[in-house]
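> Here it is: the structure, laid out below.
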Amino acid sequence: MAEDNKLRAINEVKQLELELHRVLNAFGGAEELNKNLSSLYEKMLSLEKSAEDNPALSKILIKEINERKILSLYKKLESNYSKIRDSMKANDEKALRANLFIENFRNSRNYLFKNLDHSIDFIEAALPLFSINSISFKPEFVGVIKLEDIAREVGLDKSAQSISVPQAKIRQLFNYLDSKTSQRNFRLESEVLKITMRSEKELQVEADNAVIRRLDRLAKQMDGNYNEE
């Protein structure tokens, strides 16, 4: 029974993936429709302005619009457009519930800040939230950063491939790195979370969903932001 449930869940996720790709591909047509609608409305407004600027055109417009059945065509378009709007609006509540559901599975997030100081502020504030007293500093690529130099200059304990950094020395570590190298290829890791420095303004965090949700709130409180991918 457990195996059957596992296979059913895997199959349902595969079907969901296919449906997501299908809907995403359909947005290409929606973008084209929106572009065409914009062009149509611009033409109509341009015609309206011409009629306002030159009232003598009224008789010509009445004749041409009626002979070409423009009014009928436009009302057909308006009806179709209204149906699309209504059908999309009908999905709003489902879309909200679906978003809340899928966010329960998030285990990583990219956080964006104004500058390096704000990124450091976020890290310094995040660690105490989860009772993290120290965190391991690791280069993302071996040999990019000399751990021995960092440990010696900042006064930190070094192991084979990482440095243990107390929460109180986070800013000192970053200040040293900023003065000595432009490299941002490193991670800060603990049992609770892993922070990868993407740039001085961007931090990628991997953690359990509950941790990510709490960090989302922290980032907002500290004038930071995050992307939705």
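Letters A, B, ... mark the chains of the structure tokens in the order given; residue numbers begin at 1 per chain; ligand numbers begin at 1, in order shown.
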Using DSSP assignments from the backbone, pull out every residue in region 59-214 of chain A that falls under strand (DSSP E) and give it to me as number ranges by chain.
A: 108-112, 134-139, 157-158, 163-166, 186-189, 193-199, 202-207
> Report, in Å to a single decimal, how far apart CA of Ala98 (chain A) and CA of Ser79 (chain A) are.
28.9 Å
> Region 159-161 of chain A: which residues within 8 Å, counting only C-alpha atoms, same-chain residues fewer than 3 positions away excluded, as a list in words?
Lys138, Leu147 and Ser164 of chain A
> Find the residue from A:Ala219, A:Val23, A:Leu40, A:Leu45 that sits nearest to Ser119 (chain A); use only C-alpha atoms when measuring.
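Using only C-alpha atoms, the shortest distance to Ser119 (chain A) belongs to A:Ala219.
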> Please list as a PyMOL selection string every residue within 12 Å of region 63-76 of chain A, counting only C-alpha atoms and excluding residues in the same chain fewer than 5 positions away.
chain A and resi 37+40-41+44+47+57-58+81-83
> Name the closest residue to Tyr111 (chain A) among the candidates A:Asp86, A:Glu78, A:Glu17, A:Glu202; distances are taken between atoms, counting only C-alpha atoms.
A:Glu202
> Using only C-alpha atoms, can you tell me which of A:Val205, A:Leu96, A:Leu33, A:Ala56 comes closest to Tyr226 (chain A)?
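Of A:Val205, A:Leu96, A:Leu33, A:Ala56, the one nearest Tyr226 (chain A), counting only C-alpha atoms, is A:Val205.
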> What lies within 6 Å of Gln204 (chain A) using only C-alpha atoms, ignoring chain neighbours under 5 positions off, as a short mmCIF file (atom, residue, chain, number, x, y, z; two decimals) with C-alpha atoms, in the first residue's frame?

data_model
loop_
_atom_site.label_atom_id
_atom_site.label_comp_id
_atom_site.auth_asym_id
_atom_site.auth_seq_id
_atom_site.Cartn_x
_atom_site.Cartn_y
_atom_site.Cartn_z
CA ARG A 109 15.26 31.50 -1.30
CA ASN A 110 17.35 34.31 -2.80
CA ILE A 195 23.90 30.76 3.16
CA THR A 196 25.65 31.15 -0.18
#
> Looking only at the backbone, which of the residues in region 51-166 of chain A does DSSP tag as helix (DSSP H, G or I), as a ChimeraX atom specification?
/A:51-53,55-67,70-89,92-103,116-129,147-154
> Given only C-alpha atoms as the basis, pick out the residue of A:Gln167, A:Ser134, A:Asn225, A:Ser108 nearest to Ile212 (chain A).
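Looking at the shortest contact to Ile212 (chain A), the residue is A:Ser108.
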> In Å, with one decimal, what is the gap from CA of Ile102 (chain A) to CA of His118 (chain A)?
29.2 Å
> Interatomic distance between CA of Asp149 (chain A) and CA of Val165 (chain A)?
14.1 Å
> I want to know what sits within 10 Å of region 170-182 of chain A, based on only C-alpha atoms, with residues of the same chain fewer than 4 positions away left out; could you give that as a list of chain:residue names?
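The residues satisfying every condition are A:Leu116, A:Asp117, A:Ile120, A:Asp121, A:Ile123, A:Glu124, A:Ser134, A:Ile135, A:Phe137, A:Val144, A:Ile145, A:Ile150, A:Ala151, A:Glu153, A:Val154, A:Gly155, A:Leu156, A:Val165, A:Pro166, A:Leu188, A:Ser199, A:Glu200.
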> Using only C-alpha atoms, which residue out of A:Phe130, A:Asn104, A:Leu112, A:Val13 lies closest to Leu193 (chain A)?
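Of all the options, A:Phe130 lies closest to Leu193 (chain A).
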